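> Sharing input12.pdb here; it has PDB, C-alpha atoms.
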```pdb
ATOM      1  CA  MET A 136       7.484  20.438 -56.319
ATOM      2  CA  ALA A 137       7.398  16.659 -56.440
ATOM      3  CA  ASP A 138       6.328  14.772 -53.327
ATOM      4  CA  THR A 139       8.992  12.775 -51.517
ATOM      5  CA  PRO A 140       8.386   9.106 -52.324
ATOM      6  CA  ARG A 141       7.108   7.110 -49.381
ATOM      7  CA  PRO A 142       9.402   4.280 -48.247
ATOM      8  CA  THR A 143       8.070   0.838 -48.999
ATOM      9  CA  ASP A 144       7.260  -1.649 -46.249
ATOM     10  CA  ALA A 145      10.332  -3.667 -47.196
ATOM     11  CA  GLU A 146      12.543  -0.586 -46.833
ATOM     12  CA  LEU A 147      11.020   0.258 -43.441
ATOM     13  CA  LEU A 148      11.488  -3.301 -42.207
ATOM     14  CA  ALA A 149      15.090  -3.321 -43.392
ATOM     15  CA  GLU A 150      15.769  -0.065 -41.537
ATOM     16  CA  LEU A 151      14.181  -1.446 -38.357
ATOM     17  CA  GLY A 152      16.042  -4.756 -38.648
ATOM     18  CA  PRO A 153      18.637  -3.958 -35.937
ATOM     19  CA  LEU A 154      15.899  -2.913 -33.497
ATOM     20  CA  ALA A 155      13.932  -6.087 -34.276
ATOM     21  CA  ALA A 156      17.071  -8.109 -33.547
ATOM     22  CA  VAL A 157      17.447  -6.423 -30.137
ATOM     23  CA  ILE A 158      13.805  -7.187 -29.254
ATOM     24  CA  ALA A 159      14.010 -10.778 -30.559
ATOM     25  CA  ASP A 160      17.123 -11.440 -28.461
ATOM     26  CA  LYS A 161      15.350 -10.390 -25.256
ATOM     27  CA  LEU A 162      12.239 -12.428 -26.131
ATOM     28  CA  ARG A 163      14.425 -15.516 -26.556
ATOM     29  CA  THR A 164      16.666 -15.075 -23.513
ATOM     30  CA  VAL A 165      14.527 -13.492 -20.763
ATOM     31  CA  PRO A 166      12.163 -16.016 -19.126
ATOM     32  CA  VAL A 167       8.455 -15.303 -18.602
ATOM     33  CA  ARG A 168       6.894 -16.760 -15.466
ATOM     34  CA  LEU A 169       3.317 -17.899 -14.866
ATOM     35  CA  GLY A 170       1.137 -15.704 -12.670
ATOM     36  CA  PRO A 171       1.159 -12.039 -11.604
ATOM     37  CA  ALA A 172       4.220  -9.956 -12.533
ATOM     38  CA  GLY A 173       5.396 -12.802 -14.737
ATOM     39  CA  THR A 174       6.520 -10.439 -17.503
ATOM     40  CA  ASP A 175       8.210  -7.848 -15.271
ATOM     41  CA  ASP A 176      11.740  -9.050 -16.080
ATOM     42  CA  LEU A 177      11.019  -9.079 -19.803
ATOM     43  CA  ILE A 178       9.532  -5.564 -19.726
ATOM     44  CA  SER A 179      12.483  -4.103 -17.826
ATOM     45  CA  GLU A 180      15.066  -5.838 -20.030
ATOM     46  CA  LEU A 181      13.284  -4.690 -23.210
ATOM     47  CA  THR A 182      13.011  -1.108 -21.942
ATOM     48  CA  ILE A 183      16.713  -0.869 -21.141
ATOM     49  CA  ALA A 184      17.784  -2.602 -24.375
ATOM     50  CA  VAL A 185      15.657  -0.322 -26.564
ATOM     51  CA  ALA A 186      16.895   2.788 -24.724
ATOM     52  CA  VAL A 187      20.521   1.718 -25.260
ATOM     53  CA  TYR A 188      19.810   1.017 -28.940
ATOM     54  CA  ILE A 189      18.279   4.456 -29.475
ATOM     55  CA  GLY A 190      21.127   6.243 -27.721
ATOM     56  CA  ARG A 191      23.779   4.300 -29.634
ATOM     57  CA  ASP A 192      22.288   3.810 -33.120
ATOM     58  CA  VAL A 193      19.516   6.403 -33.591
ATOM     59  CA  LEU A 194      20.467   9.681 -31.918
ATOM     60  CA  PRO A 195      23.309  11.790 -33.321
ATOM     61  CA  ALA A 196      26.689  11.087 -31.785
ATOM     62  CA  ASP A 197      26.789  14.461 -30.007
ATOM     63  CA  ALA A 198      23.163  14.408 -28.821
ATOM     64  CA  LEU A 199      24.041  13.301 -25.302
ATOM     65  CA  ALA A 200      27.399  15.084 -25.065
ATOM     66  CA  LEU A 201      27.746  17.592 -22.263
ATOM     67  CA  ALA A 202      29.174  21.061 -22.833
ATOM     68  CA  ASN A 203      31.572  20.534 -19.923
ATOM     69  CA  PRO A 204      31.813  16.797 -19.241
ATOM     70  CA  PRO A 205      32.826  16.053 -15.647
ATOM     71  CA  ARG A 206      35.998  14.265 -14.801
ATOM     72  CA  PRO A 207      35.540  10.581 -13.919
ATOM     73  CA  ALA A 208      34.593  10.309 -10.275
ATOM     74  CA  ASP A 209      36.385   8.026  -7.885
ATOM     75  CA  THR A 210      33.023   7.196  -6.349
ATOM     76  CA  GLU A 211      29.700   6.614  -8.111
ATOM     77  CA  TRP A 212      26.191   5.657  -7.091
ATOM     78  CA  ALA A 213      23.815   3.338  -8.926
ATOM     79  CA  ILE A 214      20.343   1.844  -8.574
ATOM     80  CA  GLU A 215      20.189  -1.929  -8.905
ATOM     81  CA  TYR A 216      17.125  -4.172  -9.276
ATOM     82  CA  GLN A 217      16.893  -7.907  -8.635
ATOM     83  CA  ARG A 218      15.658 -10.189 -11.417
ATOM     84  CA  HIS A 219      12.875 -12.437 -10.068
ATOM     85  CA  SER A 220      13.810 -15.504 -12.085
ATOM     86  CA  THR A 221      17.514 -15.726 -11.187
ATOM     87  CA  GLY A 222      18.002 -13.453  -8.158
ATOM     88  CA  GLU A 223      20.722 -11.596 -10.077
ATOM     89  CA  TRP A 224      21.255  -7.893  -9.310
ATOM     90  CA  LEU A 225      21.410  -5.679 -12.432
ATOM     91  CA  ASP A 226      21.969  -1.968 -13.023
ATOM     92  CA  TRP A 227      18.908   0.199 -13.593
ATOM     93  CA  GLY A 228      20.002   2.877 -16.040
ATOM     94  CA  VAL A 229      23.308   4.709 -15.737
ATOM     95  CA  SER A 230      25.406   5.369 -12.649
ATOM     96  CA  HIS A 231      25.549   8.809 -11.002
ATOM     97  CA  PRO A 232      28.708  10.726 -10.097
ATOM     98  CA  ASP A 233      27.002  12.197  -7.005
ATOM     99  CA  ARG A 234      24.643  10.751  -4.443
ATOM    100  CA  SER A 235      21.974  13.447  -4.792
ATOM    101  CA  GLY A 236      21.048  12.410  -8.333
ATOM    102  CA  ALA A 237      20.892   8.736  -7.397
ATOM    103  CA  GLN A 238      18.927   9.544  -4.228
ATOM    104  CA  GLN A 239      16.242  11.405  -6.206
ATOM    105  CA  LEU A 240      15.832   8.430  -8.546
ATOM    106  CA  TRP A 241      15.810   6.026  -5.574
ATOM    107  CA  ASP A 242      13.069   7.985  -3.763
ATOM    108  CA  HIS A 243      10.952   7.893  -6.916
ATOM    109  CA  MET A 244      11.476   4.189  -7.691
ATOM    110  CA  VAL A 245      10.803   2.696  -4.237
ATOM    111  CA  ASP A 246       7.314   4.204  -4.242
ATOM    112  CA  GLY A 247       5.341   1.082  -5.211
ATOM    113  CA  SER A 248       8.128  -0.736  -7.047
ATOM    114  CA  LYS A 249       7.469  -4.372  -7.994
ATOM    115  CA  TRP A 250      11.172  -5.252  -7.923
ATOM    116  CA  PRO A 251      13.605  -5.484  -5.012
ATOM    117  CA  LEU A 252      15.910  -2.480  -5.268
ATOM    118  CA  ARG A 253      19.126  -1.251  -3.689
ATOM    119  CA  LEU A 254      21.126   1.967  -3.809
ATOM    120  CA  VAL A 255      24.801   1.121  -4.276
ATOM    121  CA  ARG A 256      27.926   3.248  -3.747
ATOM    122  CA  ARG A 257      30.854   1.933  -5.770
ATOM    123  CA  VAL A 258      34.443   2.799  -4.918
ATOM    124  CA  THR A 259      36.867  -0.083  -4.907
ATOM    125  CA  SER A 260      34.257  -2.360  -3.366
ATOM    126  CA  HIS A 261      30.520  -2.995  -3.615
ATOM    127  CA  ILE A 262      28.672  -1.290  -0.750
ATOM    128  CA  THR A 263      24.888  -1.455  -0.359
ATOM    129  CA  GLU A 264      23.716   1.736   1.349
ATOM    130  CA  ALA A 265      19.965   1.092   1.216
ATOM    131  CA  GLU A 266      17.749  -1.826   0.240
ATOM    132  CA  TYR A 267      14.027  -2.292  -0.424
ATOM    133  CA  THR A 268      12.066  -5.562  -0.599
ATOM    134  CA  PRO A 269       8.373  -5.473  -1.645
ATOM    135  CA  ALA A 270       5.796  -7.394   0.382
ATOM    136  CA  THR A 271       5.245 -11.003  -0.676
ATOM    137  CA  GLU A 272       1.865 -12.522  -1.539
ATOM    138  CA  GLU A 273       1.794 -14.328   1.828
ATOM    139  CA  GLU A 274       2.224 -11.046   3.717
ATOM    140  CA  ASP A 275      -0.355  -9.164   1.647
ATOM    141  CA  THR A 276      -3.354 -11.373   2.466
ATOM    142  CA  GLN A 277      -5.934  -8.774   1.358
ATOM    143  CA  ARG A 278      -4.558  -8.574  -2.159
ATOM    144  CA  ARG A 279      -6.071 -10.916  -4.739
ATOM    145  CA  GLU A 280      -4.613 -11.054  -8.216
ATOM    146  CA  PRO A 281      -6.992 -11.568 -11.171
ATOM    147  CA  HIS A 282      -4.424 -13.751 -12.946
ATOM    148  CA  PRO A 283      -4.399 -17.539 -12.338
ATOM    149  CA  THR A 284      -1.450 -18.788 -10.340
ATOM    150  CA  GLN A 285       0.189 -22.193 -10.668
ATOM    151  CA  ALA A 286      -1.776 -23.326  -7.602
ATOM    152  CA  ASP A 287      -5.036 -22.321  -9.334
ATOM    153  CA  VAL A 288      -4.066 -24.322 -12.416
ATOM    154  CA  ASP A 289      -3.118 -27.396 -10.347
ATOM    155  CA  HIS A 290      -6.418 -27.210  -8.449
ATOM    156  CA  ALA A 291      -8.441 -26.957 -11.676
ATOM    157  CA  VAL A 292      -6.647 -29.983 -13.149
ATOM    158  CA  ALA A 293      -7.270 -31.993  -9.969
ATOM    159  CA  VAL A 294     -10.992 -31.143 -10.007
ATOM    160  CA  LEU A 295     -11.235 -32.126 -13.686
ATOM    161  CA  ASP A 296      -9.485 -35.454 -13.068
ATOM    162  CA  ARG A 297     -11.808 -36.208 -10.159
ATOM    163  CA  PHE A 298     -14.897 -35.372 -12.218
ATOM    164  CA  GLN A 299     -13.739 -37.590 -15.075
ATOM    165  CA  SER A 300     -12.977 -40.485 -12.730
ATOM    166  CA  GLN A 301     -16.432 -40.175 -11.119
ATOM    167  CA  SER A 302     -18.103 -40.157 -14.555
ATOM    168  CA  THR A 303     -16.181 -43.290 -15.531
ATOM    169  CA  THR A 304     -17.211 -44.994 -12.297
ATOM    170  CA  ASP A 305     -20.897 -44.138 -12.914
ATOM    171  CA  GLN A 306     -20.720 -45.548 -16.442
ATOM    172  CA  GLU A 307     -19.079 -48.750 -15.211
ATOM    173  CA  ARG A 308     -21.704 -49.081 -12.501
ATOM    174  CA  GLN A 309     -24.517 -48.707 -15.051
ATOM    175  CA  ALA A 310     -22.839 -51.197 -17.374
ATOM    176  CA  GLU A 311     -22.551 -53.790 -14.560
ATOM    177  CA  GLU A 312     -26.121 -53.351 -13.249
ATOM    178  CA  VAL A 313     -28.342 -56.449 -13.669
ATOM    179  CA  VAL A 314     -32.108 -56.129 -14.299
ATOM    180  CA  HIS A 315     -34.379 -59.119 -13.551
ATOM    181  CA  GLY A 316     -37.872 -59.724 -14.791
ATOM    182  CA  CYS A 317     -40.696 -59.118 -12.336
ATOM    183  CA  PRO A 318     -42.278 -62.346 -10.989
ATOM    184  CA  PRO A 319     -45.619 -62.944 -12.776
ATOM    185  CA  ASP A 320     -48.947 -63.022 -10.924
ATOM    186  CA  GLY A 321     -49.274 -66.151  -8.837
ATOM    187  CA  SER A 322     -45.523 -66.838  -8.779
ATOM    188  CA  GLY A 323     -42.806 -65.630  -6.423
ATOM    189  CA  LEU A 324     -39.930 -66.413  -8.779
ATOM    190  CA  THR A 325     -38.302 -64.234 -11.411
ATOM    191  CA  PRO A 326     -38.910 -65.569 -14.938
ATOM    192  CA  CYS A 327     -35.257 -65.034 -15.959
ATOM    193  CA  CYS A 328     -33.350 -66.960 -13.313
ATOM    194  CA  GLY A 329     -36.049 -68.582 -11.159
ATOM    195  CA  ARG A 330     -35.118 -66.917  -7.905
ATOM    196  CA  THR A 331     -37.153 -65.061  -5.301
ATOM    197  CA  PRO A 332     -36.509 -61.305  -4.931
ATOM    198  CA  PHE A 333     -34.869 -62.021  -1.564
ATOM    199  CA  GLU A 334     -32.244 -64.233  -3.222
ATOM    200  CA  LEU A 335     -31.093 -61.643  -5.732
ATOM    201  CA  PRO A 336     -27.810 -59.741  -5.206
ATOM    202  CA  LEU A 337     -28.193 -56.482  -3.316
ATOM    203  CA  GLY A 338     -27.278 -54.268  -6.282
ATOM    204  CA  ASP A 339     -29.649 -55.938  -8.809
ATOM    205  CA  ARG A 340     -33.021 -54.472  -9.854
ATOM    206  CA  ILE A 341     -36.426 -55.953 -10.672
ATOM    207  CA  SER A 342     -38.488 -54.361 -13.423
ATOM    208  CA  SER A 343     -41.580 -55.132 -15.451
ATOM    209  CA  GLU A 344     -40.697 -52.530 -18.126
ATOM    210  CA  ALA A 345     -36.898 -52.175 -18.399
ATOM    211  CA  PRO A 346     -35.048 -54.663 -20.638
ATOM    212  CA  THR A 347     -33.926 -57.764 -18.753
ATOM    213  CA  THR A 348     -30.161 -58.158 -18.524
ATOM    214  CA  CYS A 349     -30.115 -61.166 -16.240
ATOM    215  CA  PRO A 350     -27.878 -63.902 -17.774
ATOM    216  CA  GLY A 351     -30.276 -66.621 -16.600
ATOM    217  CA  ALA A 352     -30.340 -69.198 -13.830
ATOM    218  CA  PRO A 353     -27.045 -69.504 -11.984
ATOM    219  CA  SER A 354     -25.128 -72.714 -12.751
TER     220      SER A 354
END
```
Could you take the file, read its structure, and then write that structure out as structure tokens?


Amino acid sequence: MADTPRPTDAELLAELGPLAAVIADKLRTVPVRLGPAGTDDLISELTIAVAVYIGRDVLPADALALANPPRPADTEWAIEYQRHSTGEWLDWGVSHPDRSGAQQLWDHMVDGSKWPLRLVRRVTSHITEAEYTPATEEEDTQRREPHPTQADVDHAVAVLDRFQSQSTTDQERQAEEVVHGCPPDGSGLTPCCGRTPFELPLGDRISSEAPTTCPGAPS
């Protein structure tokens, strides 16, 4: 019996093209923020988009069909999460025809969730029946994230700028420093400009070894 030929890489990529398009769309449209939890929105959007793609384009049409589908309910419950970047409330998964199913999911999700959540009952209006807001960084003073925040980056840039400005100042100071020749034995005057050490500017130096940079006697 002949072996089934293995699909080529080109064939596999062509088959996965629609899924790649779904992922590429989310990478282009969902913003990524600097700092901790900066990719949370992207991860949640990708997870939901891939799940919808699999249910719509991969699984058989009757895979999710119920033997006895329920009649549409007049009231439904849903879990919503708030996107950090825009503050927009979005559905998490599908809605539930009864509160018990939504309540079980709610109890599971609020245990350590990184997103603000709310349990919503929908009839002819939008009614929030419960809401959860995670602690902010200011409230959780004991927590320290290993990722650099924007404040850390700004501080590092400020320190670097200060260091560079100090280095430039030191170089300018060295470039402007004047070295006079040491007065020879028996004379109290410098050989370069003919002045006593007490007449020299406060920042100038006298040396018998270093090169003399004195421009000469003042005019």

> Excluding segment 175-180 of chain A and residues on its chain fewer than 2 positions from it, collect all residues at most 8 Å away from it, counting all atoms listed in the file, and give them as an MDAnalysis selection string.

chainID A and resid 161:162 165:167 172:173 182:184 218:220

> Taking into account all atoms listed in the file, which residue in the set A:Ile341, A:Val193, A:Ala237, A:Glu211 is nearest to Leu151 of chain A?

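For Leu151 of chain A, the nearest of the candidates is A:Val193.
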
> For atom CA of Leu225 of chain A and atom CA of Leu252 of chain A, quote the distance in Å rounded to one decimal.

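Interatomic distance here is 9.6 Å.
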
> Ranking A:Gly222, A:Pro350, A:Pro153, A:Leu254 by minimum distance to Cys327 of chain A and counting only C-alpha atoms, which one comes first?

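Counting only C-alpha atoms, the residue closest to Cys327 of chain A is A:Pro350.
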
> Taking the file as shown, find all residues satisfying the PyMOL selection byres ((chain A and resi 328) around 10) and write them as a count of residues only.

15

> Just to confirm, what's the straight-line distance from atom CA of Thr174 of chain A to atom CA of Ile189 of chain A in Å (one decimal)?

22.4 Å

> When you count only C-alpha atoms, which of these residues is closest to Asp246 of chain A: A:Asp209, A:Thr268, A:Val229, A:Asp192?

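Closest to Asp246 of chain A of all the choices is A:Thr268.
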
> Provide the atom CA of Asp242 of chain A to atom CA of Thr271 of chain A distance in Å, to one decimal place.

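Here the two named atoms are 20.8 Å from each other.
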
> Given only C-alpha atoms as the basis, pick out the residue of A:Ala159, A:Val245, A:Leu169, A:Val314 nearest to Pro336 of chain A.

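Of all the options, A:Val314 lies closest to Pro336 of chain A.
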
> Once the PyMOL selection byres ((chain A and resi 264) around 12) has been applied to the shown file, what residues remain in the selection, as a PDB file with C-alpha atoms, keeping the file's coordinate frame?


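For reference, selection_35.pdb as written:
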```pdb
ATOM      1  CA  TRP A 212      26.191   5.657  -7.091  1.00  0.00           C
ATOM      2  CA  ALA A 213      23.815   3.338  -8.926  1.00  0.00           C
ATOM      3  CA  ILE A 214      20.343   1.844  -8.574  1.00  0.00           C
ATOM      4  CA  GLU A 215      20.189  -1.929  -8.905  1.00  0.00           C
ATOM      5  CA  ARG A 234      24.643  10.751  -4.443  1.00  0.00           C
ATOM      6  CA  ALA A 237      20.892   8.736  -7.397  1.00  0.00           C
ATOM      7  CA  GLN A 238      18.927   9.544  -4.228  1.00  0.00           C
ATOM      8  CA  TRP A 241      15.810   6.026  -5.574  1.00  0.00           C
ATOM      9  CA  LEU A 252      15.910  -2.480  -5.268  1.00  0.00           C
ATOM     10  CA  ARG A 253      19.126  -1.251  -3.689  1.00  0.00           C
ATOM     11  CA  LEU A 254      21.126   1.967  -3.809  1.00  0.00           C
ATOM     12  CA  VAL A 255      24.801   1.121  -4.276  1.00  0.00           C
ATOM     13  CA  ARG A 256      27.926   3.248  -3.747  1.00  0.00           C
ATOM     14  CA  ARG A 257      30.854   1.933  -5.770  1.00  0.00           C
ATOM     15  CA  HIS A 261      30.520  -2.995  -3.615  1.00  0.00           C
ATOM     16  CA  ILE A 262      28.672  -1.290  -0.750  1.00  0.00           C
ATOM     17  CA  THR A 263      24.888  -1.455  -0.359  1.00  0.00           C
ATOM     18  CA  ALA A 265      19.965   1.092   1.216  1.00  0.00           C
ATOM     19  CA  GLU A 266      17.749  -1.826   0.240  1.00  0.00           C
ATOM     20  CA  TYR A 267      14.027  -2.292  -0.424  1.00  0.00           C
TER      21      TYR A 267
END
```

> From the options A:Lys249, A:Glu344, A:Val185, A:Glu312, which residue's atoms come nearest to Pro171 of chain A, counting all atoms listed in the file?

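Among the listed residues, A:Lys249 lies closest to Pro171 of chain A.
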
> With only C-alpha atoms as the basis for distance, which of A:Leu181, A:Met244, A:Glu334, A:Asp320 is at the shortest distance from Thr164 of chain A?

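Using only C-alpha atoms, the shortest distance to Thr164 of chain A belongs to A:Leu181.
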